[in-house]
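Remarks on the structure that follows.
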Amino acid sequence: MNVRSSGSQPVRVEQDVVMARQVSRKLAQDCGMRLIDLTKLVTAVSELARNTMVYGGGGDMDWQILDDNGRTGLRLTFRDEGPGIPDIKLAMTDGWTSGGGLGLGLTGAKRLVDEFELDTAPGAGTRVTITRWT
Amino acid sequence: MAALGQHAVSKVKNAESQLVQEWIAALEASGGTRNVKGDELKADTREFLQLITSSLENGAGTAIGAAQWEDTRQFLERLSRNRAQMGQDSSQTANFIFALKGPFFALLQKEFASEPQLLAEQLLQASELFDALGLHTIRTYQASREAVIRRQQEELLELSTPVVKLWDGVLALPMIGTLDSQRTQVVMESLLQRIVDTGSEIAIIDITGVPTVDTLVAQHLLKTVTAIRLMGADCIISGVRPQIAQTIVHLGLDLQGVVTKANLADALALAMRRLGVTFTKAQ
């Protein structure tokens, strides 16, 4: 698996969530993603970037365009140095929220992408990595 | 302390065309001439050089707040505004001044080669002057840039979605852009108010212009639909495109109980049916 290109994007204020969406939309287009896959990915980015900003207290979005045996993929990592998630099982339950949302962001994002990885511990921040292949 | 000696000023005046030439070359080398027409640049550089030499001839010091610098200041302010509108950044604009330093210093060096002490003094004075002028362009640039941003913000506010009346009793709200901002709240409130004011029975929220419907957007929509219902009116959400529909399913959003349509025409047709209005083609 080759990394064709990579970069990073700050996610600190509300405006950054909009920027994260625009950047990932552009990257997905560059990967040649179909409109439906692109919309799904951008929606997942919107959820995760907002989580990073609201619950993680701000962080960054790293992106990588991957080549793997003829298929192209976009991998995005959202990382923050926030409080972390104490109960992953609970956090991955539909409809459960620690804030005032619908409680579908994290689980919904997982359903919208091909690969989903959650790496978190209380006090150690949160890293969510998602990948979507064309 | 007088700024540049009259001797130096007269030398500068004599070597004007050469200075302008070298200056433009330096500007081009630094890429500061992007978007600026050649003739315009030539006229700008010549005018600026004439302005500073005449100010210096009148005995102006390096304090550019002085009355003798009035014309130069005005020229720079006009230049900064123009450059800001052309989309040049502040460093490019300030570079207009700083690119003159090289040729100017070279000239002084040539003229005062035999008097090192005088040369050092003149160089210091010239440097102070250019720095002050450069800072002035940046300040003006910043101010005009802020004015541009303010104007755009005002225009955006004016652009913000109007509530339109489609038929007696039918209101439509065409949403455009990002829905997760505070703007949404304002727009939704104005829709609720218009429902009361017009006594409308059906409100159509069109999300064709919303590129991403995530959980926060959905939450906003659901809250608005609930509020509209509480007021005794009905709500239809239109503009649900195929990719948005699929995304909503995967997100696990529950929009059951909300009437949705693929486009605004279908929503209007449904609203008409509910109102009992029928259309026939004219014979």
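Every chain in the structure tokens has a letter given in the order shown (A, B, ...), and although residue numbers restart at 1 in each chain, ligands are simply numbered from 1 in the order shown.
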
Identify all chain B residues at most 7 Å from chain A by counting only C-alpha atoms; ligands do not count. Present them as a VMD selection string. chain B and resid 212 to 216 219 243 247 250 to 252

Got a sec: who's within 9 Å of stretch 124-135 of chain B, counting only C-alpha atoms, leaving out chain neighbours fewer than 2 positions off, as a PDB file with C-alpha atoms, in the first residue's frame?
```pdb
ATOM      1  CA  ALA B   2      17.230  66.718   8.140  1.00  0.00           C
ATOM      2  CA  ALA B   3      16.526  63.466   6.398  1.00  0.00           C
ATOM      3  CA  LEU B   4      18.348  62.866   3.182  1.00  0.00           C
ATOM      4  CA  GLY B  61      12.118  64.416   7.558  1.00  0.00           C
ATOM      5  CA  THR B  62      11.684  60.697   8.007  1.00  0.00           C
ATOM      6  CA  ALA B  63       8.535  61.248  10.078  1.00  0.00           C
ATOM      7  CA  ILE B  64       5.967  60.498   7.427  1.00  0.00           C
ATOM      8  CA  THR B  72       2.877  60.607  -0.774  1.00  0.00           C
ATOM      9  CA  ARG B  73       0.626  59.200   1.930  1.00  0.00           C
ATOM     10  CA  LEU B  76       0.184  55.039  -1.040  1.00  0.00           C
ATOM     11  CA  THR B  93       1.816  45.472  -1.488  1.00  0.00           C
ATOM     12  CA  ALA B  94       4.538  46.451   0.974  1.00  0.00           C
ATOM     13  CA  ASN B  95       7.082  45.004  -1.413  1.00  0.00           C
ATOM     14  CA  PHE B  96       6.225  47.823  -3.794  1.00  0.00           C
ATOM     15  CA  ILE B  97       8.163  50.095  -1.431  1.00  0.00           C
ATOM     16  CA  PHE B  98      10.802  47.664  -0.244  1.00  0.00           C
ATOM     17  CA  LEU B 100      13.008  50.314  -4.256  1.00  0.00           C
ATOM     18  CA  LYS B 101      15.478  49.968  -1.394  1.00  0.00           C
ATOM     19  CA  PHE B 104      18.125  53.365  -4.093  1.00  0.00           C
ATOM     20  CA  PHE B 105      20.881  52.156  -1.778  1.00  0.00           C
ATOM     21  CA  LEU B 119      26.991  57.336   3.253  1.00  0.00           C
ATOM     22  CA  ALA B 120      26.154  55.476   6.469  1.00  0.00           C
ATOM     23  CA  GLU B 121      24.073  58.394   7.705  1.00  0.00           C
ATOM     24  CA  GLN B 122      22.202  58.727   4.422  1.00  0.00           C
ATOM     25  CA  THR B 137       1.019  50.748   3.040  1.00  0.00           C
ATOM     26  CA  ILE B 138       0.496  47.681   5.214  1.00  0.00           C
ATOM     27  CA  ARG B 139      -1.694  49.628   7.633  1.00  0.00           C
ATOM     28  CA  THR B 140      -3.772  51.021   4.788  1.00  0.00           C
TER      29      THR B 140
END
```

Every residue of chain A that DSSP places in alpha helix (DSSP H), as an NGL selection string: :A and (14-30 or 35-54 or 88-91 or 105-112)

Out of stretch 1-242 of chain B, which residues get strand (DSSP E) from DSSP, as a PyMOL selection string? chain B and resi 164-167+170-176+202-209+234-238

Contacts of A:Gly125 at 8 Å or less, counting only C-alpha atoms, minus same-chain residues fewer than 3 places along, as number ranges by chain? A: 56, 79-85, 120-122

Just how far from atom CA of B:Leu107 is atom CA of B:Ala8, in Å to one decimal? 9.1 Å

Which residues, written as an MDAnalysis selection string, have at least one atom at most 12 Å from B:Leu171, with only C-alpha atoms counted and residues fewer than 2 positions away on the same chain left out? chainID B and resid 162:169 173:174 190:206 228 233:237 264 267:268 271:272

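Here atom CA of B:Val249 and atom CA of A:Thr134 stand 20.1 Å from one another.
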
Residue neighbourhood B:Val240, 7 Å, only C-alpha atoms, exclusion window fewer than 3 positions, as a PyMOL selection string: chain B and resi 207-208+244-245+261-263

Considering only C-alpha atoms, state which residue in the set B:Val170, B:Ile52, B:Leu19, B:Val148 is at the smallest distance from B:Ala84.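 That would be B:Val148, the residue with the smallest distance to B:Ala84.
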
Excluding A:Asn2 and residues on its chain fewer than 5 positions from it, collect all residues at most 7 Å away from it, counting only C-alpha atoms, and give them as a list in words.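 Residues meeting the cut-off are Leu66, Asp67 and Asp68 of chain A.
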
Point-to-point distance from atom CA of A:Ser24 to atom CA of A:Ala91, Å rounded to tenths: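 Here the two named atoms are 24.6 Å from each other.
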